[in-house]
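The file work.txt contains compact mmCIF, N, CA and C atoms:
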# COMPACT_ATOMS: atom_id res chain seq x y z
N MET D 20 11.44 5.74 -3.85
CA MET D 20 11.10 5.60 -2.44
C MET D 20 12.09 4.64 -1.80
N SER D 21 12.73 5.05 -0.76
CA SER D 21 13.75 4.22 -0.12
C SER D 21 13.23 3.50 1.11
N ILE D 22 11.99 3.70 1.47
CA ILE D 22 11.41 3.04 2.64
C ILE D 22 10.77 1.73 2.22
N LYS D 23 11.19 0.63 2.86
CA LYS D 23 10.60 -0.68 2.58
C LYS D 23 9.61 -0.99 3.68
N LEU D 24 8.35 -1.17 3.29
CA LEU D 24 7.30 -1.49 4.25
C LEU D 24 6.95 -2.97 4.18
N PHE D 25 6.84 -3.58 5.34
CA PHE D 25 6.44 -4.99 5.41
C PHE D 25 4.92 -5.08 5.41
N ASP D 26 4.40 -6.28 5.21
CA ASP D 26 2.96 -6.48 5.11
C ASP D 26 2.21 -5.91 6.32
N SER D 27 2.74 -6.13 7.51
CA SER D 27 2.08 -5.61 8.71
C SER D 27 2.02 -4.08 8.69
N GLU D 28 3.09 -3.47 8.23
CA GLU D 28 3.14 -2.00 8.16
C GLU D 28 2.18 -1.48 7.08
N LEU D 29 2.04 -2.24 6.01
CA LEU D 29 1.10 -1.85 4.96
C LEU D 29 -0.34 -1.89 5.45
N LYS D 30 -0.64 -2.76 6.41
CA LYS D 30 -1.99 -2.81 6.98
C LYS D 30 -2.30 -1.51 7.72
N ILE D 31 -1.32 -0.98 8.46
CA ILE D 31 -1.48 0.30 9.15
C ILE D 31 -1.66 1.41 8.12
N MET D 32 -0.79 1.41 7.13
CA MET D 32 -0.85 2.45 6.10
C MET D 32 -2.18 2.41 5.36
N ASP D 33 -2.68 1.21 5.10
CA ASP D 33 -3.95 1.08 4.37
C ASP D 33 -5.10 1.73 5.14
N VAL D 34 -5.09 1.57 6.46
CA VAL D 34 -6.12 2.22 7.28
C VAL D 34 -6.04 3.74 7.10
N LEU D 35 -4.83 4.28 7.17
CA LEU D 35 -4.67 5.72 7.04
C LEU D 35 -5.01 6.21 5.64
N TRP D 36 -4.67 5.44 4.62
CA TRP D 36 -5.01 5.83 3.24
C TRP D 36 -6.52 5.81 3.03
N LYS D 37 -7.21 4.85 3.60
CA LYS D 37 -8.66 4.75 3.42
C LYS D 37 -9.42 5.73 4.31
N GLU D 38 -8.97 5.87 5.54
CA GLU D 38 -9.73 6.60 6.55
C GLU D 38 -9.22 8.02 6.81
N GLY D 39 -8.00 8.32 6.38
CA GLY D 39 -7.39 9.61 6.73
C GLY D 39 -6.75 9.52 8.10
N ASP D 40 -6.34 10.64 8.65
CA ASP D 40 -5.67 10.67 9.95
C ASP D 40 -6.55 10.02 11.02
N LYS D 41 -5.93 9.16 11.80
CA LYS D 41 -6.62 8.45 12.88
C LYS D 41 -5.70 8.37 14.08
N THR D 42 -6.30 8.28 15.27
CA THR D 42 -5.49 8.06 16.46
C THR D 42 -5.03 6.60 16.47
N ALA D 43 -3.99 6.32 17.24
CA ALA D 43 -3.51 4.95 17.37
C ALA D 43 -4.63 4.04 17.89
N LYS D 44 -5.43 4.55 18.79
CA LYS D 44 -6.55 3.78 19.34
C LYS D 44 -7.57 3.44 18.25
N GLN D 45 -7.88 4.42 17.40
CA GLN D 45 -8.83 4.18 16.32
C GLN D 45 -8.28 3.14 15.34
N ILE D 46 -7.00 3.26 15.01
CA ILE D 46 -6.37 2.28 14.11
C ILE D 46 -6.43 0.89 14.75
N SER D 47 -6.14 0.83 16.05
CA SER D 47 -6.19 -0.43 16.77
C SER D 47 -7.59 -1.04 16.72
N ASP D 48 -8.60 -0.23 16.93
CA ASP D 48 -9.99 -0.73 16.89
C ASP D 48 -10.34 -1.26 15.51
N ILE D 49 -9.93 -0.55 14.47
CA ILE D 49 -10.22 -0.97 13.10
C ILE D 49 -9.54 -2.30 12.79
N LEU D 50 -8.25 -2.41 13.13
CA LEU D 50 -7.51 -3.64 12.82
C LEU D 50 -7.92 -4.81 13.71
N LYS D 51 -8.40 -4.52 14.90
CA LYS D 51 -8.93 -5.60 15.74
C LYS D 51 -10.17 -6.20 15.08
N ALA D 52 -11.05 -5.33 14.57
CA ALA D 52 -12.27 -5.80 13.91
C ALA D 52 -11.97 -6.50 12.58
N GLU D 53 -10.99 -5.97 11.83
CA GLU D 53 -10.72 -6.51 10.49
C GLU D 53 -9.89 -7.79 10.52
N ILE D 54 -8.82 -7.80 11.35
CA ILE D 54 -7.90 -8.94 11.29
C ILE D 54 -7.54 -9.53 12.66
N GLY D 55 -8.16 -9.01 13.72
CA GLY D 55 -7.96 -9.60 15.03
C GLY D 55 -6.72 -9.17 15.78
N TRP D 56 -6.05 -8.12 15.33
CA TRP D 56 -4.86 -7.65 16.04
C TRP D 56 -5.25 -7.09 17.41
N ASN D 57 -4.36 -7.31 18.40
CA ASN D 57 -4.59 -6.67 19.69
C ASN D 57 -3.91 -5.30 19.70
N MET D 58 -4.19 -4.53 20.72
CA MET D 58 -3.71 -3.15 20.79
C MET D 58 -2.18 -3.09 20.78
N ASN D 59 -1.52 -3.99 21.51
CA ASN D 59 -0.05 -3.97 21.58
C ASN D 59 0.58 -4.21 20.22
N THR D 60 0.03 -5.14 19.46
CA THR D 60 0.54 -5.41 18.12
C THR D 60 0.42 -4.17 17.26
N THR D 61 -0.75 -3.56 17.27
CA THR D 61 -0.98 -2.37 16.45
C THR D 61 -0.03 -1.25 16.84
N TYR D 62 0.12 -0.99 18.12
CA TYR D 62 0.99 0.08 18.58
C TYR D 62 2.45 -0.18 18.21
N THR D 63 2.87 -1.44 18.30
CA THR D 63 4.24 -1.79 17.93
C THR D 63 4.50 -1.51 16.45
N VAL D 64 3.55 -1.89 15.61
CA VAL D 64 3.72 -1.68 14.17
C VAL D 64 3.65 -0.19 13.83
N ILE D 65 2.79 0.55 14.50
CA ILE D 65 2.73 2.00 14.30
C ILE D 65 4.09 2.63 14.64
N LYS D 66 4.69 2.21 15.74
CA LYS D 66 6.00 2.75 16.13
C LYS D 66 7.06 2.44 15.09
N LYS D 67 7.00 1.26 14.48
CA LYS D 67 7.94 0.91 13.41
C LYS D 67 7.75 1.82 12.20
N CYS D 68 6.49 2.10 11.87
CA CYS D 68 6.20 3.00 10.74
C CYS D 68 6.70 4.42 11.03
N ILE D 69 6.57 4.85 12.26
CA ILE D 69 7.06 6.18 12.65
C ILE D 69 8.58 6.21 12.53
N ALA D 70 9.25 5.17 13.01
CA ALA D 70 10.71 5.09 12.96
C ALA D 70 11.22 5.10 11.52
N LYS D 71 10.45 4.52 10.60
CA LYS D 71 10.85 4.48 9.19
C LYS D 71 10.53 5.77 8.45
N GLY D 72 9.73 6.63 9.06
CA GLY D 72 9.35 7.87 8.40
C GLY D 72 8.14 7.73 7.50
N ALA D 73 7.36 6.66 7.68
CA ALA D 73 6.15 6.45 6.88
C ALA D 73 4.94 7.14 7.50
N ILE D 74 4.99 7.31 8.83
CA ILE D 74 3.89 7.91 9.58
C ILE D 74 4.47 9.00 10.48
N GLU D 75 3.68 10.03 10.66
CA GLU D 75 4.02 11.09 11.59
C GLU D 75 3.03 11.05 12.74
N ARG D 76 3.56 11.19 13.95
CA ARG D 76 2.71 11.22 15.14
C ARG D 76 2.44 12.68 15.51
N ARG D 77 1.18 12.98 15.72
CA ARG D 77 0.78 14.33 16.10
C ARG D 77 -0.01 14.26 17.40
N GLU D 78 0.06 15.32 18.14
CA GLU D 78 -0.76 15.44 19.35
C GLU D 78 -1.94 16.35 19.03
N PRO D 79 -3.05 16.20 19.69
CA PRO D 79 -3.30 15.35 20.85
C PRO D 79 -3.67 13.93 20.45
N ASN D 80 -3.64 13.08 21.44
CA ASN D 80 -4.17 11.71 21.33
C ASN D 80 -3.43 10.80 20.36
N PHE D 81 -2.13 11.04 20.13
CA PHE D 81 -1.34 10.15 19.28
C PHE D 81 -1.98 10.02 17.90
N LEU D 82 -2.29 11.16 17.27
CA LEU D 82 -2.89 11.17 15.94
C LEU D 82 -1.85 10.78 14.90
N CYS D 83 -2.18 9.81 14.08
CA CYS D 83 -1.25 9.30 13.06
C CYS D 83 -1.61 9.86 11.69
N HIS D 84 -0.58 10.28 10.97
CA HIS D 84 -0.74 10.87 9.64
C HIS D 84 0.23 10.18 8.69
N ALA D 85 -0.27 9.66 7.57
CA ALA D 85 0.59 8.99 6.58
C ALA D 85 1.45 10.03 5.87
N LEU D 86 2.75 9.76 5.81
CA LEU D 86 3.68 10.64 5.12
C LEU D 86 3.97 10.16 3.70
N LEU D 87 3.54 8.94 3.39
CA LEU D 87 3.73 8.38 2.06
C LEU D 87 2.38 8.23 1.37
N ALA D 88 2.32 8.61 0.12
CA ALA D 88 1.10 8.42 -0.67
C ALA D 88 0.98 6.96 -1.09
N LYS D 89 -0.24 6.48 -1.16
CA LYS D 89 -0.48 5.09 -1.56
C LYS D 89 0.12 4.82 -2.94
N GLU D 90 -0.05 5.77 -3.86
CA GLU D 90 0.46 5.60 -5.22
C GLU D 90 1.98 5.47 -5.25
N GLU D 91 2.65 6.18 -4.36
CA GLU D 91 4.11 6.11 -4.26
C GLU D 91 4.54 4.72 -3.81
N VAL D 92 3.86 4.18 -2.83
CA VAL D 92 4.18 2.85 -2.32
C VAL D 92 3.83 1.79 -3.37
N GLN D 93 2.71 1.94 -4.03
CA GLN D 93 2.31 0.98 -5.07
C GLN D 93 3.35 0.95 -6.19
N ALA D 94 3.81 2.11 -6.62
CA ALA D 94 4.80 2.17 -7.70
C ALA D 94 6.11 1.51 -7.28
N ALA D 95 6.54 1.75 -6.05
CA ALA D 95 7.79 1.16 -5.56
C ALA D 95 7.66 -0.36 -5.44
N GLU D 96 6.51 -0.82 -4.93
CA GLU D 96 6.30 -2.26 -4.79
C GLU D 96 6.21 -2.95 -6.15
N ALA D 97 5.55 -2.31 -7.10
CA ALA D 97 5.45 -2.87 -8.46
C ALA D 97 6.83 -2.94 -9.12
N GLU D 98 7.62 -1.90 -8.93
CA GLU D 98 8.98 -1.88 -9.48
C GLU D 98 9.83 -3.00 -8.87
N GLU D 99 9.71 -3.17 -7.56
CA GLU D 99 10.47 -4.23 -6.89
C GLU D 99 10.04 -5.60 -7.39
N LEU D 100 8.74 -5.82 -7.51
CA LEU D 100 8.23 -7.09 -8.02
C LEU D 100 8.72 -7.34 -9.44
N MET D 101 8.65 -6.33 -10.28
CA MET D 101 9.08 -6.46 -11.67
C MET D 101 10.56 -6.81 -11.74
N ASN D 102 11.37 -6.15 -10.94
CA ASN D 102 12.81 -6.42 -10.95
C ASN D 102 13.14 -7.79 -10.37
N LYS D 103 12.43 -8.17 -9.32
CA LYS D 103 12.72 -9.42 -8.62
C LYS D 103 12.30 -10.65 -9.41
N LEU D 104 11.12 -10.61 -10.02
CA LEU D 104 10.56 -11.81 -10.64
C LEU D 104 10.50 -11.79 -12.17
N PHE D 105 10.65 -10.61 -12.77
CA PHE D 105 10.45 -10.50 -14.22
C PHE D 105 11.63 -9.84 -14.92
N ASP D 106 12.80 -9.94 -14.31
CA ASP D 106 14.04 -9.40 -14.89
C ASP D 106 13.90 -7.95 -15.33
N GLY D 107 13.10 -7.18 -14.59
CA GLY D 107 12.93 -5.76 -14.89
C GLY D 107 12.08 -5.48 -16.12
N SER D 108 11.39 -6.48 -16.60
CA SER D 108 10.62 -6.36 -17.85
C SER D 108 9.15 -6.06 -17.58
N PRO D 109 8.69 -4.85 -17.92
CA PRO D 109 7.27 -4.53 -17.70
C PRO D 109 6.33 -5.39 -18.56
N ASP D 110 6.76 -5.75 -19.77
CA ASP D 110 5.87 -6.54 -20.61
C ASP D 110 5.69 -7.96 -20.07
N LEU D 111 6.75 -8.55 -19.47
CA LEU D 111 6.60 -9.86 -18.86
C LEU D 111 5.70 -9.80 -17.63
N LEU D 112 5.83 -8.75 -16.84
CA LEU D 112 4.95 -8.56 -15.68
C LEU D 112 3.50 -8.42 -16.14
N PHE D 113 3.28 -7.57 -17.13
CA PHE D 113 1.95 -7.32 -17.66
C PHE D 113 1.34 -8.62 -18.21
N ALA D 114 2.12 -9.37 -18.97
CA ALA D 114 1.64 -10.64 -19.53
C ALA D 114 1.26 -11.62 -18.43
N SER D 115 2.07 -11.67 -17.38
CA SER D 115 1.78 -12.56 -16.26
C SER D 115 0.49 -12.17 -15.56
N LEU D 116 0.28 -10.87 -15.38
CA LEU D 116 -0.94 -10.40 -14.73
C LEU D 116 -2.19 -10.74 -15.54
N LEU D 117 -2.06 -10.71 -16.85
CA LEU D 117 -3.22 -10.95 -17.70
C LEU D 117 -3.43 -12.42 -18.05
N ASN D 118 -2.42 -13.23 -17.84
CA ASN D 118 -2.46 -14.63 -18.24
C ASN D 118 -3.64 -15.35 -17.59
N GLY D 119 -4.52 -15.89 -18.44
CA GLY D 119 -5.63 -16.69 -17.96
C GLY D 119 -6.79 -15.92 -17.37
N ARG D 120 -6.75 -14.61 -17.44
CA ARG D 120 -7.85 -13.81 -16.87
C ARG D 120 -8.85 -13.44 -17.96
N GLN D 121 -10.08 -13.47 -17.60
CA GLN D 121 -11.13 -13.05 -18.51
C GLN D 121 -11.42 -11.57 -18.24
N LEU D 122 -11.13 -10.72 -19.20
CA LEU D 122 -11.37 -9.30 -19.06
C LEU D 122 -12.62 -8.91 -19.82
N SER D 123 -13.36 -7.99 -19.26
CA SER D 123 -14.56 -7.48 -19.93
C SER D 123 -14.11 -6.56 -21.07
N PRO D 124 -14.99 -6.33 -22.03
CA PRO D 124 -14.65 -5.39 -23.10
C PRO D 124 -14.30 -4.00 -22.56
N GLU D 125 -14.95 -3.60 -21.48
CA GLU D 125 -14.66 -2.30 -20.87
C GLU D 125 -13.25 -2.27 -20.29
N GLN D 126 -12.87 -3.35 -19.63
CA GLN D 126 -11.52 -3.43 -19.06
C GLN D 126 -10.45 -3.41 -20.16
N ILE D 127 -10.71 -4.13 -21.22
CA ILE D 127 -9.77 -4.16 -22.35
C ILE D 127 -9.63 -2.77 -22.96
N GLU D 128 -10.74 -2.08 -23.14
CA GLU D 128 -10.69 -0.73 -23.69
C GLU D 128 -9.94 0.22 -22.76
N HIS D 129 -10.17 0.09 -21.48
CA HIS D 129 -9.46 0.93 -20.50
C HIS D 129 -7.95 0.70 -20.59
N LEU D 130 -7.55 -0.57 -20.70
CA LEU D 130 -6.11 -0.90 -20.83
C LEU D 130 -5.55 -0.32 -22.13
N ARG D 131 -6.31 -0.41 -23.23
CA ARG D 131 -5.87 0.18 -24.50
C ARG D 131 -5.64 1.68 -24.36
N GLN D 132 -6.56 2.35 -23.70
CA GLN D 132 -6.42 3.79 -23.51
C GLN D 132 -5.21 4.12 -22.66
N MET D 133 -4.95 3.33 -21.64
CA MET D 133 -3.78 3.57 -20.80
C MET D 133 -2.48 3.41 -21.60
N VAL D 134 -2.41 2.36 -22.42
CA VAL D 134 -1.23 2.13 -23.23
C VAL D 134 -1.09 3.23 -24.28
N ALA D 135 -2.19 3.62 -24.89
CA ALA D 135 -2.14 4.68 -25.89
C ALA D 135 -1.65 5.99 -25.28
N GLY D 136 -1.97 6.21 -24.03
CA GLY D 136 -1.54 7.44 -23.34
C GLY D 136 -0.05 7.46 -23.06
N LEU D 137 0.63 6.33 -23.20
CA LEU D 137 2.08 6.26 -22.96
C LEU D 137 2.89 6.69 -24.18
N LYS D 138 2.25 6.74 -25.33
CA LYS D 138 2.98 7.06 -26.58
C LYS D 138 3.41 8.49 -26.62

Final structure tokens representation of the file:
Amino acid sequence: MSIKLFDSELKIMDVLWKEGDKTAKQISDILKAEIGWNMNTTYTVIKKCIAKGAIERREPNFLCHALLAKEEVQAAEAEELMNKLFDGSPDLLFASLLNGRQLSPEQIEHLRQMVAGLK
């Protein structure tokens, strides 16, 4: 994925991933309630997402549609984090994520199954 999304843009994308296609007004209402953004802020960030090719604008009513899947963005962000802070090492990233965390037996088993599925 060659599109870099900033935190503000990810907030717009998150609404679309959770709620599906929404008008700019609906997105604005949601983000006003959740984080206090005003309409102008929301519309500005939506326009940036459109310019980057992350969102498509449809008519009527400025309907916004996410062009990027959440999983695609998550994978790209994880890859960037791993490369930036962990010298590209997945095991160092994984160790850091687990360091000091108390996992339930179910969570541990789920992680084992995920790793076993990689073989």

Secondary structure check, helix (DSSP H, G or I) residues of chain D, as a PyMOL selection string: chain D and resi 26-38+43-54+58-71+89-104+109-117+124-135

Nearest candidate to Lys30 in chain D (options D:Leu112, D:Leu50, D:Ala43, D:Leu130; using only N, CA and C atoms): D:Leu50

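In this structure, CA of Ser21 in chain D sits 10.7 Å away from atom C of Val92 in chain D.
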
Strand (DSSP E or B) per DSSP on the backbone: members of chain D, as a list in words: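 Put together, the selection reads Lys41, Thr42, Ile74, Glu75, Arg76, Arg77, Leu82, Cys83, His84 and Ala85 of chain D.
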
Minimum-distance residue to Ser47 in chain D, chosen among D:Gly119, D:Pro109, D:Thr61, D:Cys83 (using all atoms listed in the file):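 Nearest to Ser47 in chain D: D:Thr61.
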
Interatomic distance, atom C of Ala73 in chain D to atom N of Ala85 in chain D (Å, one decimal):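 Answer for the atom C of Ala73 in chain D to atom N of Ala85 in chain D separation: 5.8 Å.
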
Atom pair atom N of Ser123 in chain D / CA of Leu104 in chain D: separation (Å):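 Interatomic distance here is 25.7 Å.
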
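Proximity to Ile74 in chain D at 6 Å, evaluated using only N, CA and C atoms and with sequence-adjacent residues fewer than 4 positions away removed, yields Cys68, Ile69, His84, Ala85, Leu86 and Leu87 of chain D.
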
Residue neighbourhood Lys71 in chain D, 6.5 Å, all atoms listed in the file, exclusion window fewer than 4 positions, as a ChimeraX atom specification: /D:22,66-67

For Glu90 in chain D: contacts at 12 Å, only C-alpha atoms, fewer than 4 positions along chain excluded, given as a PyMOL selection string: chain D and resi 20+32-33+36+86+94-97

Hey, can you spit out that residue selection with N, CA and C atoms as a compact mmCIF listing (two decimals), in the frame of the given file?
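The resulting file, selection.txt, is shown below:
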# COMPACT_ATOMS: atom_id res chain seq x y z
N MET D 20 11.44 5.74 -3.85
CA MET D 20 11.10 5.60 -2.44
C MET D 20 12.09 4.64 -1.80
N MET D 32 -0.79 1.41 7.13
CA MET D 32 -0.85 2.45 6.10
C MET D 32 -2.18 2.41 5.36
N ASP D 33 -2.68 1.21 5.10
CA ASP D 33 -3.95 1.08 4.37
C ASP D 33 -5.10 1.73 5.14
N TRP D 36 -4.67 5.44 4.62
CA TRP D 36 -5.01 5.83 3.24
C TRP D 36 -6.52 5.81 3.03
N LEU D 86 2.75 9.76 5.81
CA LEU D 86 3.68 10.64 5.12
C LEU D 86 3.97 10.16 3.70
N ALA D 94 3.81 2.11 -6.62
CA ALA D 94 4.80 2.17 -7.70
C ALA D 94 6.11 1.51 -7.28
N ALA D 95 6.54 1.75 -6.05
CA ALA D 95 7.79 1.16 -5.56
C ALA D 95 7.66 -0.36 -5.44
N GLU D 96 6.51 -0.82 -4.93
CA GLU D 96 6.30 -2.26 -4.79
C GLU D 96 6.21 -2.95 -6.15
N ALA D 97 5.55 -2.31 -7.10
CA ALA D 97 5.45 -2.87 -8.46
C ALA D 97 6.83 -2.94 -9.12

Let me have the centre and edge lengths in Å, one decimal, of the box along x, y and z around every listed atom of range 79-91 of chain D with 3 Å of margin on each side, as AutoDock Vina command-line options.
--center_x 0.2 --center_y 10.5 --center_z 8.1 --size_x 14.7 --size_y 17.5 --size_z 32.7
